[in-house]
Each structure stands twice: as structure tokens, then as C-alpha cells.
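Student: One structure is given below, represented as C-alpha cells, and several questions about it will come after.
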Amino acid sequence: MSTPSAASVPLVPPLSALHRAAPVLPVVAVIALLGLPAEPDSGATPADLACGLVVLWAAVRSVGRTQRPLTRTAAVVLGLPVVGIAVAATGAVTPGDGIDGLARYLQVFVLVPLGVVLLVRDRRDARLVLWSLAGLALWQGAVGVHQYVTGTGASYQGADIRAVGTFGPSDVMGMASVVASGVVALTGLALGARAGRQRVVAAGCALALLVPLAMSFSRGAWIATAAACGAVLLLAGVRRALKLFAAAAAAAVVLVGGFGVGGSALQERLSSITQVTDTPDQSVLDRYTMWAAATDMWREHPMTGVGLKAFPAYRDSHASLALSSGSDTEGAGQAFRRQPLLSPHNMYMLVLSEQGLLGLLTVAGSWLALLVCALRRLRRAGPARDCALAACGLLLWQLVNFLYADIGGPSTTLTAVCFGLAAWWSLAGGATTGLTAESDAL
């Protein structure tokens with residue numbers, strides 16, 4: 001009687017797992033490719049090309065299905081942004097701007113989220129995507145810590161200490177967004193996990209990622225992360241949340257106040273969050289000025305806005321003299337550059353100015369519908385509670401972060417994946433059923 005060779009036996013489980021995960025691997029590829037160094041002004045990135053693969057693969061798999069791939073609610077919620085985006089594209093300054101803006105908005109808020117909904121079949125697929133996101137955050141965070149320690153990061157107050165990961169100073173928010181998303185995803189995985197090993201590993205990784213997040217000097221990411229993690233803690237249980245809040249506050253007082261953890265630049269950046277209305281720095285002043293300019297644009301074109309990618313063309317005629325000519329970037333392997341201010345750094349203001357009330361109602365309305373559906377389903381999450389908490393947290397992080405940032409740069413593809421995970425949990429019918437209890441330990 002023949003027996004399999006020793007060399008062939010270990011290959012069976014990995015090959016079986018790979019075959020089982022094959023449908024969702026294009027989504028994982030998008031996340032993995034975000035770990036590659038980003039080239040400034042390179043246009044489409046490898047992650048963007050992988051997004052095309054996600055959409056194509058989802059379409060191919062949907063053709064062979066006998067049942068309808070999307071519920072009516074999912075089709076309406078995911079298709080709603082198309083209305084405002086398409087109308088705003090017709091009002092762009094040039095046809096090229098209209099096409100580029102239409103493609104980008106559809107990629108981030110419609111096509112890739114739709115592809116994720118169709119490819120993520122159950123909670124095991126969702127966990128694979130979430131842990132892939134955690135892996136990307138750990139990689140970018142490690143690069144960021146190295147940049148801070150060795151002084152090879154982006155320039156901040158005359159020193160090359162700002163952690164930007166592989167995204168470089170041209171996308172200074174890239175690493176902060178990735179690391180913050182990893183913290184939120186891991187917090188959800190830790191609080192909702194049934195397996196003790198997953199709780200310990202996820203919590204440990206989330207705590208470790210707080211270090212590079214602090215070194216990013218990104219106030220918006222800090223605020224969004226605190227808000228999203230706080231909400232996830234409350235959703236997981238009020239009593240446990242209060243205990244963890246008290247422990248976190250005590251640890252912060254001891255580390256920062258008692259031991260002086262964090263350099264003077266970090267402590268100054270942290271304290272500046274409460275001073276933005278008294279003595280704002282130039283970056284905050286620029287942001288306020290651009291918000292006012294965006295509001296003026298909307299008042300002149302209230303229903304449909306000034307058109308996709310038209311904010312720069314209308315900026316100077318609506319902004320006050322307090323607006324600077326741009327922001328200085330250098331370090332992390334790039335020479336000094338003057339970055340023009342091409343957006344209001346507020347997604348809601350950007351949509352309002354370029355797409356008007358129609359765009360705000362359809363695009364932001366879709367996000368609100370996702371949030372409502374996600375929170376309603378959370379009560380019956382069952383074994384998928386870890387995925388549910390992570391998906392809700394990622395959506396909340398995006399919605400809060402949009403108060404201080406907008407889409408743009410290589411890291412934007414991660415925004416599309418996060419919206420896709422949120423849409424999977426909010427809208428995919430039956431996605432939490434069909435697995436054995438054994439798979440919950442994975």
C-alpha cells in the first residue's frame with residue numbers, strides 16, 4: 001500500500017486554503033501593493049491596477065451565479081453616488097478633468113466597494129482582508145518608526161522626523177491613514193473575537209501601531225482614530241469601554257506627564273489640537289480659508305457645484321489673502337517641493353463645492369445609509385462580531401477623518417477597500433452564515 005511522500009503532505013493544507021481564498025485574493029493584492037514605495041506624480045499605481053482586477057474578477061464571478069448577486073437595498077445604496085458624480089462630471093472645467101474625476105470617484109465609492117461586496121463571501125474572507133490590512137499597517141508603521149528614529153522621514157519643523165512610510169512627503173497622510181485603519185481594524189478584531197489567541201495578538205498589534213501613529217504628527221488621524229476606537233469600544237460593551245477608557249487615560253498621564261514619553265515636537269503637536277481656534281498655525285489657517293472658499297463656491301452653484309476637479313480653478317477667486325501659496329515638503333528621499341493647495345482638505349466641503357447639494361445628498365447619503373445598516377446588523381452579528389466591529393470602526397474612521405482630509409494620493413485605494421468592507425457587512429445578505437464553529441478560531 002503506497003503512502004504519500006513526506007514532502008507532499010504539508011502542501012495539501014496550504015493549497016486547499018489558497019484555493020478556498022482565491023475569490024478574495026485580488027482584494028488582498030490591492031492591500032499588499034500599497035506597501036510598495038510610491039512615486040510622486042506617478043498617476044496610476046500598482047494598487048490602482050489591482051483595483052481594476054477586483055472589479056473585473058467580481059464581474060466575471062457574478063456572471064456565473066444563478067441568483068441575484070446584490071439585494072435591491074445594496075444596489076440602491078452603492079449606486080446612489082453615481083447620480084451626483086455623473087452630473088458634476090458634466091460641469092467640469094475641461095472634459096479631461098471630468099473623465100478623471102468621474103473615474104476616481106467611481107473607483108473609490110462605487111466600483112471597488114461593489115467588488116469587495118461580491119468577492120467577500122463570509123466572515124472568514126473578511127478576516128483575511130482585515131488581517132491583511134493589519135499586516136500592511138505593521139509594515140508601514142515599521143518603516144515610519146525607522147524614519148523617525150534615524151531622521152530619514154519627511155521634514156517637520158526643520159527636522160526629518162515625520163513618519164510617512166513608503167508614501168513619501170507628497171502623500172504625508174498616507175502612512176497615518178494606513179496605520180490608523182490598522183489600529184481600528186485590530187481593535188474590532190480584539191473586542192469581538194471568541195478565540196483568546198486572536199484577542200491577544202490583535203490587541204498587542206493595535207497597541208504597537210500607536211507608536212508610528214504618534215510619529216506621523218497627523219492630528220486629523222489621531223482624532224479620527226480616538227473617535228472610531230471609542231465608538232467600537234462602546235459598541236462592544238459600555239461597562240468594558242468605561243474600564244478601558246479609564247486605563248488609557250491613566251496610562252497617558254503616567255507616560256506623557258510622569259515619564260515625558262514623546263519628544264517636544266510630539267507634545268507640542270498634541271497640545272495644538274485644542275489651540276486651533278485661538279492661535280492656529282499656517283496649516284490650520286489655510287484649511288479654514290479653503291473651507292470658506294468651498295462654501296462660497298457652493299453658494300454660487302448650490303445644486304450641482306462647480307464641477308469635478310474644479311476646486312483649484314475657482315480657489316483663488318473665492319479665497320482670502322490669508323491663504324498661503326502652498327505647503328513645503330521634503331525629506332524621505334525627496335527634494336524640496338512646493339505643494340499647491342488643490343483641495344479644501346475636507347471631503348464634505350469638497351463634495352459640496354464641486355457637486356453641490358445633489359452630490360452631498362447622494363454621495364454622503366450613501367455613506368450615512370451604510371452606517372445605519374451596519375449598526376442595525378450589529379445586534380445580530382453572532383460569530384462574525386469581530387468582523388462587524390472592525391467594519392463599523394473602519395467606516396466611522398473614514399467619516400470622521402473626512403472632516404480633516406479628502407481623497408487623493410496612493411493611499412486613496414485603501415479608502416475604497418474600507419468602504420467595501422463596510423458595505424459587505426452592511427448590505428451583503430447571508431454573509432455571516434454557512435461556516436462551521438471550527439472556522440471561528442482562524
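Residues are referred to by chain and number: the chain letter is A, B, ... according to the order shown in the C-alpha cells, the number counts from 1 in that chain, and ligands are numbered separately from 1 in the order shown.
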Quick one: contact table of stretch 312-426 of chain A to stretch 216-233 of chain A, 12 Å max, nearest atom pair and distance in Å to one decimal per residue, counting only C-alpha atoms, chain and number order, as a tab-separated table?
Tutor:
```
residue	atom	partner	partner_atom	distance
A:His345	CA	A:Gly220	CA	10.3
A:Asn346	CA	A:Gly220	CA	10.5
A:Leu375	CA	A:Val232	CA	10.8
A:Leu378	CA	A:Val232	CA	11.1
A:Arg385	CA	A:Val232	CA	11.2
A:Asp386	CA	A:Val232	CA	10.4
A:Cys387	CA	A:Val232	CA	11.5
A:Ala388	CA	A:Val232	CA	9.8
A:Leu389	CA	A:Val232	CA	6.2
A:Ala390	CA	A:Val232	CA	7.8
A:Ala391	CA	A:Val232	CA	9.8
A:Cys392	CA	A:Val232	CA	7.5
A:Gly393	CA	A:Ala228	CA	5.3
A:Leu394	CA	A:Ala228	CA	7.3
A:Leu395	CA	A:Ala228	CA	8.4
A:Leu396	CA	A:Ala228	CA	5.6
A:Trp397	CA	A:Ala228	CA	5.1
A:Gln398	CA	A:Ala224	CA	7.7
A:Leu399	CA	A:Ala224	CA	8.3
A:Val400	CA	A:Ala224	CA	5.3
A:Asn401	CA	A:Ala224	CA	5.2
A:Phe402	CA	A:Ala224	CA	8.8
A:Leu403	CA	A:Gly220	CA	8.0
A:Tyr404	CA	A:Gly220	CA	5.6
A:Ala405	CA	A:Gly220	CA	7.6
A:Asp406	CA	A:Gly220	CA	11.2
```
Student: Which residues are close to A:Phe419, i.e. within 7 Å by only C-alpha atoms, leaving aside same-chain residues fewer than 4 positions away? Reply as a VMD selection string.
Tutor: chain A and resid 113 395 415 423
Student: Under the rule that only C-alpha atoms are counted, which of A:Ala142, A:Ala381, A:Trp425, A:Arg197 is the nearest residue to A:Leu235?
Tutor: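 The closest residue to A:Leu235 is A:Ala381.
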Student: Compile the contact shell of A:Leu342 as a list in words: residues with an atom at most 10 Å away, counting only C-alpha atoms, same-chain residues fewer than 6 positions apart removed.
Tutor: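 Contacts, in chain order: Met290, Lys309, Ala310, Phe311, Pro312, Ala313, Arg315, Gly326 and Gly408 of chain A.
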Student: For each of A:Gly192, A:Pro410, A:Pro340, A:Pro212, take the minimum atom-to-atom distance to A:Ile31, counting only C-alpha atoms, then give the residue where this is smallest.
Tutor: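 Among the listed residues, A:Pro410 lies closest to A:Ile31.
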Student: Compile the contact shell of A:Leu138 as a PyMOL selection string: residues with an atom at most 12 Å away, counting only C-alpha atoms, same-chain residues fewer than 4 positions apart removed.
Tutor: chain A and resi 32+35+131-134+142-145+165+175-176+178-183+186+202+204-213
Student: So how far away is atom CA of A:Cys418 from atom CA of A:Leu53, in Å?
Tutor: 16.9 Å
Student: Between A:Val63, A:Val372, A:Leu350, A:Leu360, single out the one closest to A:Ile407, counting only C-alpha atoms.
Tutor: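 Selected residue with least distance to A:Ile407: A:Leu350.
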Student: Near A:Leu106, counting only C-alpha atoms, which residues have an atom at most 8 Å away, once you skip same-chain residues fewer than 5 positions from it, shown as a PyMOL selection string?
Tutor: chain A and resi 82+85+111
Student: So, with only C-alpha atoms as the atoms that count, which of A:Ala103, A:Val351, A:Leu36, A:Ala236 lies closest to A:Ala190?
Tutor: A:Ala236
Student: Would you please work out which residue, of A:Val201, A:Leu421, A:Ala214, A:Leu368, is nearest to A:Val24 when using only C-alpha atoms?
Tutor: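 The closest residue to A:Val24 is A:Leu421.
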Student: For A:Ala22, list every protein, DNA or RNA residue within 12 Å, evaluated using only C-alpha atoms, and leave out those in the same chain fewer than 4 positions away; present the list as a ChimeraX atom specification.
Tutor: /A:14-18,26-29,54,57-58,61,119-121,125,128
Student: With all heavy atoms retained, could you export that selection as a tab-separated table (two decimals), in the first residue's frame?
Tutor:
```tsv
chain	number	residue	atom	x	y	z
A	14	PRO	N	-1.98	24.08	2.72
A	14	PRO	CA	-1.81	25.40	2.11
A	14	PRO	C	-2.51	25.53	0.76
A	14	PRO	O	-3.10	26.56	0.46
A	14	PRO	CB	-0.30	25.55	1.98
A	14	PRO	CG	0.26	24.65	3.03
A	14	PRO	CD	-0.67	23.50	3.07
A	15	LEU	N	-2.42	24.47	-0.08
A	15	LEU	CA	-3.07	24.53	-1.38
A	15	LEU	C	-4.58	24.60	-1.24
A	15	LEU	O	-5.25	25.33	-1.97
A	15	LEU	CB	-2.66	23.32	-2.23
A	15	LEU	CG	-1.21	23.31	-2.73
A	15	LEU	CD1	-0.91	22.01	-3.46
A	15	LEU	CD2	-0.96	24.50	-3.64
A	16	SER	N	-5.12	23.85	-0.29
A	16	SER	CA	-6.55	23.88	-0.05
A	16	SER	C	-6.99	25.26	0.44
A	16	SER	O	-8.01	25.80	-0.01
A	16	SER	CB	-6.93	22.82	0.98
A	16	SER	OG	-8.30	22.88	1.28
A	17	ALA	N	-6.21	25.85	1.36
A	17	ALA	CA	-6.54	27.18	1.87
A	17	ALA	C	-6.44	28.22	0.77
A	17	ALA	O	-7.26	29.14	0.69
A	17	ALA	CB	-5.62	27.53	3.03
A	18	LEU	N	-5.42	28.08	-0.09
A	18	LEU	CA	-5.26	29.03	-1.20
A	18	LEU	C	-6.42	28.94	-2.17
A	18	LEU	O	-6.92	29.96	-2.64
A	18	LEU	CB	-3.94	28.75	-1.91
A	18	LEU	CG	-3.54	29.72	-3.04
A	18	LEU	CD1	-3.33	31.11	-2.46
A	18	LEU	CD2	-2.28	29.24	-3.74
A	26	PRO	N	-7.71	39.02	-5.00
A	26	PRO	CA	-7.49	40.33	-5.63
A	26	PRO	C	-7.64	41.49	-4.64
A	26	PRO	O	-6.93	42.50	-4.75
A	26	PRO	CB	-8.56	40.39	-6.72
A	26	PRO	CG	-8.81	38.96	-7.07
A	26	PRO	CD	-8.69	38.22	-5.78
A	27	VAL	N	-8.55	41.37	-3.67
A	27	VAL	CA	-8.69	42.41	-2.65
A	27	VAL	C	-7.44	42.45	-1.77
A	27	VAL	O	-6.94	43.53	-1.43
A	27	VAL	CB	-9.94	42.15	-1.79
A	27	VAL	CG1	-10.12	43.28	-0.76
A	27	VAL	CG2	-11.18	42.05	-2.66
A	28	VAL	N	-6.93	41.28	-1.42
A	28	VAL	CA	-5.70	41.21	-0.64
A	28	VAL	C	-4.54	41.81	-1.43
A	28	VAL	O	-3.66	42.48	-0.86
A	28	VAL	CB	-5.41	39.76	-0.24
A	28	VAL	CG1	-4.06	39.64	0.48
A	28	VAL	CG2	-6.52	39.21	0.65
A	29	ALA	N	-4.53	41.59	-2.75
A	29	ALA	CA	-3.46	42.13	-3.59
A	29	ALA	C	-3.47	43.66	-3.58
A	29	ALA	O	-2.41	44.29	-3.58
A	29	ALA	CB	-3.61	41.61	-5.02
A	54	VAL	N	-9.95	43.68	-9.20
A	54	VAL	CA	-11.04	43.38	-8.27
A	54	VAL	C	-12.39	43.54	-8.96
A	54	VAL	O	-13.26	42.66	-8.86
A	54	VAL	CB	-10.96	44.32	-7.03
A	54	VAL	CG1	-12.23	44.23	-6.20
A	54	VAL	CG2	-9.76	43.96	-6.17
A	57	TRP	N	-12.76	40.79	-11.75
A	57	TRP	CA	-12.96	39.45	-11.18
A	57	TRP	C	-14.34	39.32	-10.57
A	57	TRP	O	-14.99	38.28	-10.68
A	57	TRP	CB	-11.87	39.17	-10.17
A	57	TRP	CG	-11.84	37.79	-9.58
A	57	TRP	CD1	-11.81	37.46	-8.27
A	57	TRP	CD2	-11.83	36.53	-10.28
A	57	TRP	NE1	-11.77	36.10	-8.09
A	57	TRP	CE2	-11.78	35.51	-9.33
A	57	TRP	CE3	-11.85	36.20	-11.64
A	57	TRP	CZ2	-11.76	34.16	-9.67
A	57	TRP	CZ3	-11.83	34.85	-12.00
A	57	TRP	CH2	-11.78	33.85	-11.02
A	58	ALA	N	-14.81	40.39	-9.91
A	58	ALA	CA	-16.15	40.37	-9.33
A	58	ALA	C	-17.21	40.25	-10.42
A	58	ALA	O	-18.20	39.53	-10.26
A	58	ALA	CB	-16.38	41.63	-8.49
A	61	ARG	N	-17.21	36.60	-11.81
A	61	ARG	CA	-17.83	35.66	-10.88
A	61	ARG	C	-19.34	35.88	-10.78
A	61	ARG	O	-20.08	34.92	-10.56
A	61	ARG	CB	-17.20	35.78	-9.50
A	61	ARG	CG	-15.78	35.21	-9.41
A	61	ARG	CD	-15.25	35.30	-7.99
A	61	ARG	NE	-16.11	34.63	-7.03
A	61	ARG	CZ	-16.13	33.33	-6.79
A	61	ARG	NH1	-15.30	32.53	-7.47
A	61	ARG	NH2	-16.95	32.82	-5.90
A	119	LEU	N	-16.99	39.79	-3.72
A	119	LEU	CA	-15.91	38.81	-3.57
A	119	LEU	C	-15.77	38.29	-2.14
A	119	LEU	O	-15.35	37.15	-1.94
A	119	LEU	CB	-14.58	39.43	-4.02
A	119	LEU	CG	-14.48	39.77	-5.50
A	119	LEU	CD1	-13.11	40.39	-5.82
A	119	LEU	CD2	-14.71	38.54	-6.38
A	120	VAL	N	-16.08	39.11	-1.15
A	120	VAL	CA	-16.02	38.65	0.24
A	120	VAL	C	-17.30	37.87	0.53
A	120	VAL	O	-18.37	38.44	0.65
A	120	VAL	CB	-15.86	39.84	1.20
A	120	VAL	CG1	-15.90	39.37	2.66
A	120	VAL	CG2	-14.56	40.58	0.93
A	121	ARG	N	-17.15	36.55	0.67
A	121	ARG	CA	-18.33	35.70	0.77
A	121	ARG	C	-18.81	35.48	2.20
A	121	ARG	O	-19.99	35.25	2.44
A	121	ARG	CB	-18.02	34.33	0.13
A	121	ARG	CG	-17.67	34.40	-1.35
A	121	ARG	CD	-16.89	33.19	-1.78
A	121	ARG	NE	-15.61	33.13	-1.07
A	121	ARG	CZ	-14.78	32.09	-1.13
A	121	ARG	NH1	-15.11	31.04	-1.85
A	121	ARG	NH2	-13.64	32.12	-0.48
A	125	ASP	N	-13.47	35.16	4.85
A	125	ASP	CA	-12.89	36.05	3.84
A	125	ASP	C	-12.65	37.44	4.43
A	125	ASP	O	-11.62	38.08	4.17
A	125	ASP	CB	-13.81	36.16	2.63
A	125	ASP	CG	-13.74	34.94	1.73
A	125	ASP	OD1	-12.85	34.09	1.96
A	125	ASP	OD2	-14.56	34.84	0.81
A	128	LEU	N	-9.59	37.54	6.55
A	128	LEU	CA	-8.38	37.53	5.74
A	128	LEU	C	-8.05	38.95	5.26
A	128	LEU	O	-6.89	39.38	5.32
A	128	LEU	CB	-8.56	36.59	4.54
A	128	LEU	CG	-7.39	36.54	3.53
A	128	LEU	CD1	-6.10	36.12	4.22
A	128	LEU	CD2	-7.72	35.61	2.38
```
Student: Do you have the atom CA of A:Val30-atom CA of A:Asp171 distance handy?
Tutor: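 Spanning atom CA of A:Val30 to atom CA of A:Asp171 is a straight-line distance of 17.7 Å.
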Student: Quick one: pull the distance between atom CA of A:Thr90 and atom CA of A:Ala293, Å, one decimal.
Tutor: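 One can read the atom CA of A:Thr90 to atom CA of A:Ala293 distance as 21.6 Å.
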Student: Between A:Arg123, A:Arg199, A:Pro23, A:Thr166, which one has atoms that come closest to A:Gly382, using only C-alpha atoms?
Tutor: A:Arg123
